Amino acid sequence: MQRIDESDTITRLQFEGREIILLGTAHVSRESVDEVRGTIEAESPDHVCVEIDAGRYRSMTEGQNWQSMSIGSVLRQRRGFLLLANLALASFQRKLGSELGNKPGEEMMAAIEAAKSVGADFSFCDREIQVTLRRAWAKSSFWNKNKMIASLFGSVFGSEKLSEEEIEQLKRKNALEEMMGELAGYLPSVKEVLIDERDRYLATKIFEAPGKKIIAVIGAGHAEGIVHILDELSKGNMDRDLSAIEAVPPPAKITKALPWIIPAIVIAIIAYGFARSGLGQGIEMFGYWVAVNGALAGLGAIISLAHPITILVTIAAAPFTSLNPTIGVGIVSGILEGALRKPRVSDFEHLHDDILSVKGFFRNRFTHALIVFFLTSIGSSIGTFVAFPFLLSLLH
């Protein structure tokens with residue numbers, strides 16, 4: 001395979017009578033939008049690959065039908081954290097785009113429009129975002145899950161702004177390599193899913209695209225990985241079957257068992273306290289469990305500015321839901337908050353603007369219920385780990 005680096009953003013690959021042009025972009029860059037249009041019009045390719053999935057394209061063209069989404073059904077289906085992650089990512093990109101007067105994904109839409117204008121076919125070459133997020137979550141340890149959540153919300157609630165020059169700097173290969181190295185060190189499991197797996201997915205879809213001349217519009221951070229994988233695919237050294245990275249891995253046995261093991265141990269400790277030291281000791285241990293778990297879950301409800309009834313129910317329910325693997329206190333508090341402060345039509349209409357700020361997240365009744373769910377869940381989890389060692393100490 002012959003490689004020609006024409007610029008920091010354009011890499012031309014030639015092999016077996018085919019030509020693939022990789023056009024790296026910064027996803028919220030106005031210059032990238034203009035470069036995409038100009039390159040496709042100048043090259044007149046047979047096919048254009050764009051780094052979005054079909055679901056995201058529908059959302060960008062038709063809009064997200066938030067009105068049809070029930071906060072209760074989201075939480076009952078245990079999709080609360082996933083939806084929060086989606087909103088956090090959307091918020092981060094929209095904040096960058098609003099600073100530069102550009103919409104997230106506009107360069108991909110420009111690529112599709114330009115492909116149509118030159119009579120070229122186009123295809124969606126990225127993996128579904130839901131699969132990517134769920135794989136990242138499933139492959140992360142408990143500690144890395146917390147780091148991921150902190151990173152997502154740090155990007156939403158942080159006040160740091162990037163200039164247009166800094167955004168354009170993201171397209172420079174040396175800066176990208178340094179950034180990817182930092183990401184690999186901070187969250188290796190997430191880097192594997194967000195970068196390595198998607199490099200392989202994108203490269204395979206690009207390789208399988210029809211036509212002799214193909215332009216692939218991709219995030220600049222994927223360029224080097226895609227070049228390497230395309231080289232391996234052209235030599236027949238890599239399998240083109242993507243089924244293994246298109247599915248969400250089943251949770252490990254210990255992960256599935258943990259929600260049952262921890263409550264069983266807590267109940268066993270308290271029961272042992274009753275049997276060993278009598279009624280008074282057992283009641284003291286159970287009271288401590290109720291107080292710590294309820295108080296910290298309630299603190300989460302207070303911090304999230306939940307309805308007073310939600311706060312009281314959270315405090316009462318947390319000690320018992322934390323011993324029930326089938327339901328968490330966050331589900332109870334989030335559903336109750338959504339019922340007491342039912343999202344209005346205006347909340348759905350203004351959702352995309354509200355997620356740009358902390359105030360908006362709290363003002364919007366839909367996202368506010370998710371915050372209540374999130375913070376009460378975290379509070380109850382902390383309460384479990386705080387109470388656990390103290391209960392053990394009471395047995396000595």
# chains A, B, ... in the order shown; residues from 1 in each chain; ligands from 1
>>> residues_around(residues="Leu230 in chain A", least_positions_apart="4", cutoff="7 Å", atoms="only C-alpha atoms", output="PDB file with N, CA and C atoms, in the first residue's frame")
ATOM      1  N   ALA A 203     -12.148   1.466   9.716  1.00  0.00           N
ATOM      2  CA  ALA A 203     -11.257   1.019   8.648  1.00  0.00           C
ATOM      3  C   ALA A 203     -11.888  -0.110   7.838  1.00  0.00           C
ATOM      4  N   PHE A 207     -12.771   0.022   3.977  1.00  0.00           N
ATOM      5  CA  PHE A 207     -12.157  -0.968   3.085  1.00  0.00           C
ATOM      6  C   PHE A 207     -13.215  -1.677   2.238  1.00  0.00           C
ATOM      7  N   ILE A 226      -6.478   4.010  11.510  1.00  0.00           N
ATOM      8  CA  ILE A 226      -7.155   3.526  10.311  1.00  0.00           C
ATOM      9  C   ILE A 226      -6.154   3.179   9.218  1.00  0.00           C
ATOM     10  N   SER A 234      -5.507  -4.897   3.601  1.00  0.00           N
ATOM     11  CA  SER A 234      -5.098  -5.053   2.201  1.00  0.00           C
ATOM     12  C   SER A 234      -4.154  -6.237   2.018  1.00  0.00           C
TER      13      SER A 234
END
>>> residues_around(residues="range 313-315 of chain A", least_positions_apart="6", cutoff="7 Å", atoms="only C-alpha atoms", output="PyMOL selection string")
chain A and resi 294-295+297-298+329+333
>>> atom_distance(atom1="CA of His350 in chain A", atom2="CA of Ile378 in chain A")
27.2 Å
>>> atom_distance(atom1="CA of Pro45 in chain A", atom2="CA of Ser7 in chain A")
18.7 Å
>>> atom_distance(atom1="CA of Val266 in chain A", atom2="CA of Phe388 in chain A")
7.1 Å
>>> residues_around(residues="Ala115 in chain A", least_positions_apart="6", cutoff="9 Å", atoms="only C-alpha atoms", output="VMD selection string")
chain A and resid 37 40 to 41 44 to 48 121 to 122
>>> write_last_selection(atoms="all heavy atoms", output="short mmCIF file (atom, residue, chain, number, x, y, z; two decimals), in the first residue's frame")
data_model
loop_
_atom_site.label_atom_id
_atom_site.label_comp_id
_atom_site.auth_asym_id
_atom_site.auth_seq_id
_atom_site.Cartn_x
_atom_site.Cartn_y
_atom_site.Cartn_z
N ARG A 37 -16.11 20.06 2.11
CA ARG A 37 -16.83 20.40 0.87
C ARG A 37 -15.86 20.56 -0.30
O ARG A 37 -16.08 20.00 -1.39
CB ARG A 37 -17.61 21.71 1.06
CG ARG A 37 -18.83 21.59 1.96
CD ARG A 37 -19.76 22.78 1.74
NE ARG A 37 -20.90 22.74 2.64
CZ ARG A 37 -21.02 23.46 3.73
NH1 ARG A 37 -20.05 24.30 4.08
NH2 ARG A 37 -22.10 23.37 4.49
N ILE A 40 -14.18 17.07 -1.48
CA ILE A 40 -15.08 16.16 -2.20
C ILE A 40 -15.43 16.72 -3.58
O ILE A 40 -15.44 15.98 -4.58
CB ILE A 40 -16.37 15.92 -1.38
CG1 ILE A 40 -16.02 15.12 -0.11
CG2 ILE A 40 -17.42 15.18 -2.20
CD1 ILE A 40 -17.18 14.93 0.85
N GLU A 41 -15.66 18.02 -3.67
CA GLU A 41 -15.98 18.62 -4.96
C GLU A 41 -14.78 18.56 -5.91
O GLU A 41 -14.95 18.36 -7.11
CB GLU A 41 -16.44 20.06 -4.75
CG GLU A 41 -17.82 20.16 -4.09
CD GLU A 41 -18.18 21.57 -3.68
OE1 GLU A 41 -17.33 22.49 -3.91
OE2 GLU A 41 -19.29 21.78 -3.14
N SER A 44 -14.17 14.46 -6.70
CA SER A 44 -15.28 13.71 -7.33
C SER A 44 -15.14 12.20 -7.13
O SER A 44 -14.96 11.44 -8.09
CB SER A 44 -15.36 14.02 -8.83
OG SER A 44 -15.71 15.37 -9.04
N PRO A 45 -15.21 11.74 -5.89
CA PRO A 45 -15.02 10.30 -5.61
C PRO A 45 -16.22 9.47 -6.05
O PRO A 45 -17.30 10.00 -6.34
CB PRO A 45 -14.89 10.28 -4.08
CG PRO A 45 -15.74 11.43 -3.63
CD PRO A 45 -15.53 12.51 -4.67
N ASP A 46 -16.03 8.15 -6.08
CA ASP A 46 -17.14 7.24 -6.35
C ASP A 46 -18.01 7.06 -5.11
O ASP A 46 -19.21 6.82 -5.23
CB ASP A 46 -16.61 5.86 -6.78
CG ASP A 46 -15.71 5.94 -8.01
OD1 ASP A 46 -16.10 6.64 -8.96
OD2 ASP A 46 -14.64 5.32 -8.00
N HIS A 47 -17.37 7.15 -3.95
CA HIS A 47 -18.08 6.87 -2.70
C HIS A 47 -17.50 7.72 -1.58
O HIS A 47 -16.29 7.98 -1.55
CB HIS A 47 -17.94 5.38 -2.35
CG HIS A 47 -18.88 4.92 -1.27
ND1 HIS A 47 -20.11 4.38 -1.53
CD2 HIS A 47 -18.76 4.92 0.09
CE1 HIS A 47 -20.72 4.06 -0.40
NE2 HIS A 47 -19.91 4.39 0.60
N VAL A 48 -18.36 8.14 -0.65
CA VAL A 48 -17.93 8.91 0.52
C VAL A 48 -18.37 8.17 1.79
O VAL A 48 -19.54 7.82 1.93
CB VAL A 48 -18.53 10.34 0.51
CG1 VAL A 48 -18.16 11.08 1.81
CG2 VAL A 48 -18.02 11.12 -0.69
N ASP A 121 -22.12 8.03 -4.14
CA ASP A 121 -22.84 7.36 -3.07
C ASP A 121 -22.15 7.68 -1.74
O ASP A 121 -20.97 8.08 -1.71
CB ASP A 121 -22.85 5.85 -3.28
CG ASP A 121 -23.67 5.44 -4.50
OD1 ASP A 121 -24.66 6.14 -4.79
OD2 ASP A 121 -23.30 4.46 -5.16
N PHE A 122 -22.88 7.48 -0.64
CA PHE A 122 -22.26 7.66 0.67
C PHE A 122 -22.77 6.58 1.61
O PHE A 122 -23.81 5.95 1.36
CB PHE A 122 -22.56 9.06 1.25
CG PHE A 122 -24.01 9.28 1.60
CD1 PHE A 122 -24.49 8.99 2.87
CD2 PHE A 122 -24.90 9.79 0.66
CE1 PHE A 122 -25.83 9.20 3.19
CE2 PHE A 122 -26.23 10.01 0.97
CZ PHE A 122 -26.70 9.72 2.24
#
>>> select_by_dssp(residues="range 45-87 of chain A", states="strand (DSSP E)", output="list in words")
His47, Val48, Cys49 and Val50 of chain A
>>> closest_atom_pairs(of="range 27-88 of chain A", to="range 351-371 of chain A", cutoff="8 Å", atoms="only C-alpha atoms", output="tab-separated table")
residue	atom	partner	partner_atom	distance
A:Ile71	CA	A:Phe366	CA	6.9
A:Gly80	CA	A:Leu370	CA	6.7
A:Leu84	CA	A:Leu370	CA	7.1
A:Leu87	CA	A:Ile355	CA	7.0
A:Ala88	CA	A:Ile355	CA	7.6
